[in-house]
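Chemist: The structure file query-v8.cif (mmCIF, C-alpha atoms and all ligand atoms) is provided below.
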data_my_file
#
loop_
_atom_site.label_atom_id
_atom_site.label_comp_id
_atom_site.auth_asym_id
_atom_site.auth_seq_id
_atom_site.Cartn_x
_atom_site.Cartn_y
_atom_site.Cartn_z
CA MET E 905 116.11 106.76 110.49
CA LYS E 906 112.55 106.24 111.79
CA ARG E 907 111.23 102.69 111.93
CA ARG E 908 108.66 101.94 109.20
CA LEU E 909 105.18 101.41 110.66
CA ILE E 910 102.82 99.94 108.05
CA VAL E 911 99.12 99.91 108.95
CA LEU E 912 96.49 97.94 107.00
CA THR E 913 93.02 99.27 107.85
CA GLY E 914 89.49 98.15 107.03
CA ALA E 915 85.93 99.22 107.74
CA GLY E 916 86.33 98.70 111.50
CA MET E 917 88.73 101.68 111.52
CA SER E 918 85.82 103.96 110.60
CA ALA E 919 83.20 102.21 112.77
CA GLU E 920 83.69 104.68 115.63
CA SER E 921 83.04 107.49 113.13
CA GLY E 922 79.59 106.03 112.53
CA ILE E 923 80.29 104.44 109.14
CA ALA E 924 78.82 100.92 108.82
CA THR E 925 81.16 97.99 108.34
CA PHE E 926 80.35 95.35 105.71
CA ARG E 927 80.17 92.01 107.49
CA ASP E 928 79.24 92.79 111.06
CA SER E 929 75.61 92.10 111.94
CA GLY E 930 73.63 94.90 110.34
CA GLY E 931 76.52 95.58 107.99
CA LEU E 932 76.18 97.03 104.53
CA TRP E 933 76.13 93.73 102.67
CA GLU E 934 73.22 92.53 104.76
CA LYS E 935 71.15 95.39 103.37
CA TYR E 936 72.38 95.49 99.77
CA PRO E 937 73.11 92.57 97.42
CA VAL E 938 76.79 92.92 96.50
CA GLU E 939 76.14 91.67 92.95
CA GLN E 940 73.74 94.51 92.29
CA VAL E 941 75.67 97.43 93.81
CA ALA E 942 79.37 96.51 93.83
CA THR E 943 80.15 94.68 90.58
CA PRO E 944 80.66 95.86 86.98
CA GLU E 945 77.76 93.61 85.93
CA GLY E 946 75.52 95.34 88.46
CA PHE E 947 76.56 98.74 87.11
CA ASP E 948 75.88 97.65 83.52
CA ALA E 949 72.48 96.24 84.51
CA ASP E 950 71.30 99.27 86.49
CA PRO E 951 73.79 102.15 86.53
CA GLU E 952 71.37 104.48 88.31
CA LEU E 953 70.93 102.04 91.24
CA VAL E 954 74.69 101.74 91.62
CA LEU E 955 75.32 105.48 91.27
CA ASN E 956 72.69 106.16 93.94
CA PHE E 957 74.16 103.49 96.27
CA TYR E 958 77.50 105.33 96.23
CA ASN E 959 75.82 108.75 96.32
CA MET E 960 74.13 107.66 99.57
CA ARG E 961 77.42 106.36 101.04
CA ARG E 962 79.21 109.56 99.94
CA ARG E 963 76.61 111.75 101.73
CA GLU E 964 76.94 109.54 104.85
CA MET E 965 80.73 109.81 104.72
CA LEU E 966 80.63 113.61 104.37
CA LYS E 967 78.79 113.74 107.72
CA ALA E 968 81.39 111.53 109.43
CA LYS E 969 84.42 112.83 111.29
CA PRO E 970 87.79 111.15 111.92
CA ASN E 971 87.81 109.31 115.26
CA GLU E 972 90.51 109.19 117.95
CA GLY E 973 92.04 106.18 116.24
CA HIS E 974 92.51 108.06 112.97
CA ARG E 975 94.05 110.96 114.88
CA MET E 976 96.48 108.77 116.83
CA LEU E 977 97.66 107.07 113.63
CA ALA E 978 98.37 110.52 112.17
CA GLU E 979 100.30 111.52 115.32
CA LEU E 980 102.44 108.38 115.11
CA GLU E 981 104.12 110.06 112.11
CA ASN E 982 106.13 111.99 114.73
CA ASP E 983 107.80 108.76 115.84
CA PHE E 984 107.60 106.45 112.82
CA ASP E 985 107.72 106.48 109.02
CA VAL E 986 104.02 105.61 108.76
CA HIS E 987 102.35 104.24 105.61
CA ILE E 988 98.64 103.50 105.76
CA ILE E 989 97.27 100.94 103.33
CA THR E 990 93.51 101.12 103.59
CA GLN E 991 90.64 99.12 102.11
CA ASN E 992 88.36 102.00 103.05
CA ILE E 993 87.01 104.39 100.47
CA ASP E 994 86.42 107.20 102.98
CA ASN E 995 89.01 109.96 103.43
CA LEU E 996 89.04 109.99 107.25
CA HIS E 997 92.74 109.03 107.49
CA GLU E 998 93.58 112.07 105.35
CA GLN E 999 91.21 114.33 107.28
CA ALA E 1000 92.95 113.24 110.52
CA GLY E 1001 96.33 114.28 109.06
CA SER E 1002 97.92 111.05 107.83
CA SER E 1003 100.21 112.00 104.95
CA ARG E 1004 100.77 108.65 103.24
CA VAL E 1005 97.52 106.81 102.56
CA LEU E 1006 97.11 104.20 99.82
CA HIS E 1007 93.51 103.34 98.93
CA LEU E 1008 93.49 99.75 97.65
CA HIS E 1009 89.77 99.81 96.84
CA GLY E 1010 89.48 103.37 95.52
CA GLU E 1011 88.09 106.59 96.91
CA LEU E 1012 84.49 107.73 97.38
CA MET E 1013 85.41 111.36 96.66
CA LYS E 1014 86.71 110.54 93.19
CA ALA E 1015 84.90 109.79 89.91
CA ARG E 1016 86.34 107.98 86.89
CA SER E 1017 85.51 107.89 83.20
CA THR E 1018 83.93 104.63 82.02
CA GLY E 1019 85.71 105.08 78.70
CA ASP E 1020 89.23 106.01 79.83
CA ASP E 1021 90.57 104.72 83.18
CA SER E 1022 93.17 107.48 83.29
CA LEU E 1023 90.48 110.18 83.58
CA ILE E 1024 89.89 110.55 87.33
CA TYR E 1025 88.14 113.58 88.84
CA ASP E 1026 87.79 114.91 92.40
CA ILE E 1027 84.16 115.15 93.48
CA ASP E 1028 83.04 118.51 94.92
CA PRO E 1029 81.60 117.91 98.42
CA LEU E 1030 78.95 120.53 97.62
CA HIS E 1031 77.77 118.64 94.52
CA CYS E 1032 78.66 115.16 95.62
CA ASP E 1033 76.30 112.99 93.53
CA ILE E 1034 77.32 111.25 90.33
CA ARG E 1035 74.29 111.08 88.07
CA LEU E 1036 73.44 109.40 84.78
CA GLY E 1037 74.48 111.91 82.15
CA ASP E 1038 77.49 113.21 84.10
CA LEU E 1039 80.18 112.74 81.45
CA CYS E 1040 83.97 112.93 81.34
CA GLU E 1041 85.79 115.29 78.97
CA LYS E 1042 85.69 112.57 76.28
CA GLY E 1043 81.91 112.14 76.62
CA PHE E 1044 81.84 108.88 78.60
CA GLN E 1045 79.60 108.34 81.66
CA LEU E 1046 81.31 108.90 85.00
CA ARG E 1047 81.39 106.07 87.63
CA PRO E 1048 82.65 105.86 91.21
CA HIS E 1049 86.45 105.47 91.38
CA ILE E 1050 85.95 102.31 93.43
CA VAL E 1051 87.29 98.77 92.88
CA TRP E 1052 84.24 96.52 92.49
CA PHE E 1053 84.23 92.78 93.09
CA GLY E 1054 85.80 91.07 90.09
CA GLU E 1055 87.84 94.12 89.10
CA ALA E 1056 91.63 94.44 89.28
CA VAL E 1057 93.28 96.08 92.32
CA PRO E 1058 95.91 98.18 90.51
CA LEU E 1059 97.66 99.42 93.68
CA ILE E 1060 98.46 95.94 95.03
CA PRO E 1061 102.07 95.86 93.72
CA GLU E 1062 102.78 99.19 95.41
CA ALA E 1063 101.09 97.97 98.62
CA GLU E 1064 103.21 94.78 98.58
CA GLU E 1065 106.37 96.86 98.11
CA ILE E 1066 105.45 99.02 101.13
CA THR E 1067 104.61 95.90 103.19
CA HIS E 1068 107.97 94.27 102.37
CA GLY E 1069 109.67 97.26 104.01
CA ALA E 1070 107.74 97.13 107.29
CA ASP E 1071 109.59 97.16 110.61
CA ILE E 1072 106.22 96.83 112.36
CA PHE E 1073 102.94 95.73 110.68
CA VAL E 1074 99.57 96.61 112.19
CA ILE E 1075 96.13 95.42 111.04
CA ILE E 1076 93.13 97.40 112.25
CA GLY E 1077 89.43 96.73 111.67
CA THR E 1078 89.40 94.24 108.81
CA SER E 1079 87.97 90.73 108.73
CA LEU E 1080 90.70 89.79 106.21
CA ASN E 1081 87.99 88.25 104.02
CA VAL E 1082 88.80 89.98 100.77
CA TYR E 1083 91.83 89.25 98.57
CA PRO E 1084 94.27 90.46 97.38
CA ALA E 1085 94.15 92.98 100.28
CA ALA E 1086 94.11 90.23 102.93
CA GLY E 1087 97.09 88.59 101.21
CA LEU E 1088 99.32 91.48 102.26
CA LEU E 1089 99.74 89.68 105.59
CA ASN E 1090 101.74 87.03 103.73
CA GLU E 1091 104.06 89.73 102.38
CA VAL E 1092 105.27 90.72 105.86
CA LYS E 1093 108.74 89.30 106.57
CA ARG E 1094 108.67 86.45 109.17
CA ASN E 1095 110.72 88.23 111.84
CA ILE E 1096 108.59 91.40 111.77
CA PRO E 1097 106.12 91.94 114.66
CA VAL E 1098 102.45 91.88 113.55
CA TYR E 1099 99.69 93.43 115.69
CA LEU E 1100 95.99 92.96 114.99
CA ILE E 1101 93.45 95.33 116.54
CA ASP E 1102 89.89 94.04 116.38
CA PRO E 1103 87.21 93.48 119.05
CA LYS E 1104 86.44 90.08 117.47
CA GLU E 1105 88.57 87.04 116.70
CA VAL E 1106 89.99 87.31 113.15
CA HIS E 1107 91.16 84.08 111.52
CA THR E 1108 94.56 84.26 109.88
CA ARG E 1109 97.12 81.65 108.85
CA ARG E 1110 99.89 83.41 110.77
CA TYR E 1111 100.25 82.08 114.31
CA ASP E 1112 102.62 84.76 115.65
CA ILE E 1113 100.17 87.66 115.59
CA HIS E 1114 99.71 89.83 118.71
CA HIS E 1115 95.89 90.28 118.88
CA ILE E 1116 94.77 93.37 120.78
CA GLN E 1117 91.10 92.44 121.18
CA LYS E 1118 89.75 95.97 121.39
CA GLY E 1119 88.16 98.64 119.17
CA ALA E 1120 90.41 100.83 117.05
CA SER E 1121 90.92 103.76 119.44
CA GLU E 1122 91.40 101.71 122.62
CA GLY E 1123 93.52 99.24 120.69
CA ILE E 1124 95.86 101.92 119.34
CA ILE E 1125 96.32 103.31 122.86
CA GLU E 1126 97.47 99.82 123.91
CA LEU E 1127 99.62 99.45 120.79
CA LYS E 1128 101.40 102.75 121.53
CA LYS E 1129 102.37 101.44 124.99
CA ILE E 1130 104.08 98.52 123.28
CA ILE E 1131 105.80 100.14 120.28
CA LEU E 1132 106.72 103.61 121.59
N1 LIG E 1201 87.26 98.86 115.89
C1 LIG E 1201 88.04 97.96 115.22
N2 LIG E 1201 87.53 96.95 114.48
C2 LIG E 1201 86.19 96.86 114.42
C3 LIG E 1201 85.32 97.74 115.09
C4 LIG E 1201 85.91 98.78 115.85
N3 LIG E 1201 85.17 99.69 116.52
N4 LIG E 1201 84.03 97.37 114.82
C5 LIG E 1201 84.11 96.28 114.01
N5 LIG E 1201 85.40 95.96 113.77
C6 LIG E 1201 85.95 94.87 112.95
C7 LIG E 1201 85.05 93.68 112.79
O1 LIG E 1201 85.19 92.78 113.88
C8 LIG E 1201 85.57 93.09 111.48
O2 LIG E 1201 86.64 92.19 111.70
O3 LIG E 1201 86.14 95.40 111.66
C9 LIG E 1201 86.11 94.32 110.72
C10 LIG E 1201 85.23 94.73 109.58
O4 LIG E 1201 85.25 93.70 108.62
P1 LIG E 1201 84.43 93.88 107.27
O5 LIG E 1201 83.07 94.44 107.58
O6 LIG E 1201 84.56 92.61 106.49
O7 LIG E 1201 85.20 95.07 106.49
P2 LIG E 1201 86.55 94.94 105.66
O8 LIG E 1201 87.41 93.84 106.21
O9 LIG E 1201 87.13 96.29 105.58
O10 LIG E 1201 86.03 94.50 104.19
C11 LIG E 1201 87.04 94.40 103.19
O11 LIG E 1201 85.36 93.99 101.52
O12 LIG E 1201 83.26 94.60 100.95
C12 LIG E 1201 84.58 94.71 100.57
O13 LIG E 1201 85.64 96.43 99.43
C13 LIG E 1201 84.98 96.15 100.61
O14 LIG E 1201 86.98 97.13 101.53
C14 LIG E 1201 85.93 96.20 101.80
C15 LIG E 1201 86.47 94.79 101.86
#
Written as structure tokens, how would this file's structure read?
Modeler:
Amino acid sequence: MKRRLIVLTGAGMSAESGIATFRDSGGLWEKYPVEQVATPEGFDADPELVLNFYNMRRREMLKAKPNEGHRMLAELENDFDVHIITQNIDNLHEQAGSSRVLHLHGELMKARSTGDDSLIYDIDPLHCDIRLGDLCEKGFQLRPHIVWFGEAVPLIPEAEEITHGADIFVIIGTSLNVYPAAGLLNEVKRNIPVYLIDPKEVHTRRYDIHHIQKGASEGIIELKKIIL
């Protein structure tokens, strides 16, 4: 029975692939007001602005490639029962070969009906914009299948369940600023080792965390020396 390795990733995991983080200097939220581009109110006020914000991020993502960190996490499936819980909306974990990836905040390559949450569509990389007038089969406008600020995070119960079963818990590239995702740390049993890979200090309430103060790829190399 392989040990269960649960990995919570954030924007820092994709930094080495050239995708901007949110809260580092020069991050995405410095350039775009969150209220306008990442809330339901912003979408209602100016749907075209919001659709274009995600169209731009989708085009940027389609140019990005998985980095060494993504690839090493996929390879760890040879030695562990790996579950990745990511806050990222890119599909770089999947492209690198990870087989169990849970997207807490949605997926850039999926569109959803604004009139029926159950209608979710894959976006064709060759026609990757969502435009005003793109409608679902019931005639409602399509929106990005992304969790905006103020919206529910439907996959949290499943993520908590996975976290409860961890034998090892690893956090990579997240400032742990956004709940409920950041709250998963409190769902890890007390006697389970927790590793945090981040080049900067990250403030958490848990004192017993092993901080590997490096970028994702270098940090995972160090992590492998410890857990393998
Ligand atoms: N390797 C690892 N970590 C890195 C790297 C790197 N190369 N570069 C930066 N980081 C770290 C930063 O130090 C920071 O702690 O990645 C973290 C990025 O934090 P944020 O920009 O806040 O991104 P994230 O934590 O994923 O944001 C959570 O907030 O905006 C919402 O929905 C959005 O999913 C996002 C959520």
Chemist: Taking all atoms listed in the file into account, which of E:Ile1027, E:Val911, E:Ala1070, E:Ala924 comes nearest His997 (chain E)?
Modeler: E:Val911
Chemist: Within 9 Å of ligand LIG 1201 (chain E), which residues show up when you count all atoms listed in the file? List them as a PyMOL selection string, please.
Modeler: chain E and resi 913-921+924-929+931-933+938+942+973+990-993+1008-1010+1050-1053+1076-1083+1085-1086+1101-1106+1117-1123
Chemist: Would you kindly return, as a PyMOL selection string, each protein, DNA or RNA residue with an atom no farther than 10 Å from any atom of Phe1044 (chain E), considering all atoms listed in the file and excluding same-chain residues fewer than 3 positions away?
Modeler: chain E and resi 1016-1020+1037-1041+1047
Chemist: Just how far from CA of Asn959 (chain E) is CA of Val941 (chain E), in Å to one decimal?
Modeler: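 Between CA of Val941 (chain E) and CA of Asn959 (chain E) the gap is 11.6 Å.
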Chemist: Out of E:Glu1064, E:Glu945, E:Lys1014, E:Gly1069, which residue has the shortest atom-to-atom distance to Pro1029 (chain E) when counting all atoms listed in the file?
Modeler: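 Among E:Glu1064, E:Glu945, E:Lys1014, E:Gly1069, it is E:Lys1014 that comes nearest to Pro1029 (chain E).
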Chemist: So that I can check the surroundings of Val1092 (chain E), please list as a list in words every protein, DNA and RNA residue that reaches within 6 Å of it, counting all atoms listed in the file and ignoring chain neighbours fewer than 3 positions away.
Modeler: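 Within the cut-off, the hits are Thr1067, His1068 and Leu1089 of chain E.
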Chemist: Keeping C-alpha atoms for every residue in the selection just given, could you write it to a file as a short mmCIF file (atom, residue, chain, number, x, y, z; two decimals), in the frame of the given file?
Modeler:
data_model
loop_
_atom_site.label_atom_id
_atom_site.label_comp_id
_atom_site.auth_asym_id
_atom_site.auth_seq_id
_atom_site.Cartn_x
_atom_site.Cartn_y
_atom_site.Cartn_z
CA THR E 1067 104.61 95.90 103.19
CA HIS E 1068 107.97 94.27 102.37
CA LEU E 1089 99.74 89.68 105.59
#
Chemist: Rounded to one decimal place, report the CA of Ala949 (chain E)-CA of Pro937 (chain E) distance in Å.
Modeler: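 CA of Pro937 (chain E) lies 13.4 Å from CA of Ala949 (chain E).
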Chemist: Between CA of Asn956 (chain E) and CA of His1007 (chain E), what is the distance in Å, rounded to a tenth?
Modeler: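 Between CA of Asn956 (chain E) and CA of His1007 (chain E) the gap is 21.6 Å.
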Chemist: Given the choices E:Leu1023, E:Ile1124, E:Ile1066, E:Leu1006, which gets closest to Leu977 (chain E) if the distance is worked out from all atoms listed in the file?
Modeler: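 Using all atoms listed in the file, the shortest distance to Leu977 (chain E) belongs to E:Ile1124.
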Chemist: Rank E:Glu939, E:Glu972, E:Glu981, E:Asp1071 by their smallest atom-to-atom distance to Leu953 (chain E), using all atoms listed in the file, and report the top residue only.
Modeler: E:Glu939
Chemist: Which one is closest to Asp1028 (chain E): E:Val986, E:Val1057, E:Ala978, E:Leu966? Count all atoms listed in the file.
Modeler: E:Leu966
Chemist: Considering only C-alpha atoms, state which residue in the set E:Leu1132, E:Asp1021, E:Ser1002, E:Asp983 is at the smallest distance from Pro1058 (chain E).
Modeler: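 Smallest distance to Pro1058 (chain E) is found for E:Asp1021.
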Chemist: Contacts of Pro970 (chain E) at 7 Å or less, counting all atoms listed in the file, minus same-chain residues fewer than 3 places along, as a list of chain:residue names?
Modeler: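 Using all atoms listed in the file, the neighbours found are E:Ser921, E:His974, E:Arg975, E:Leu996, E:His997, E:Gln999, E:Ala1000.
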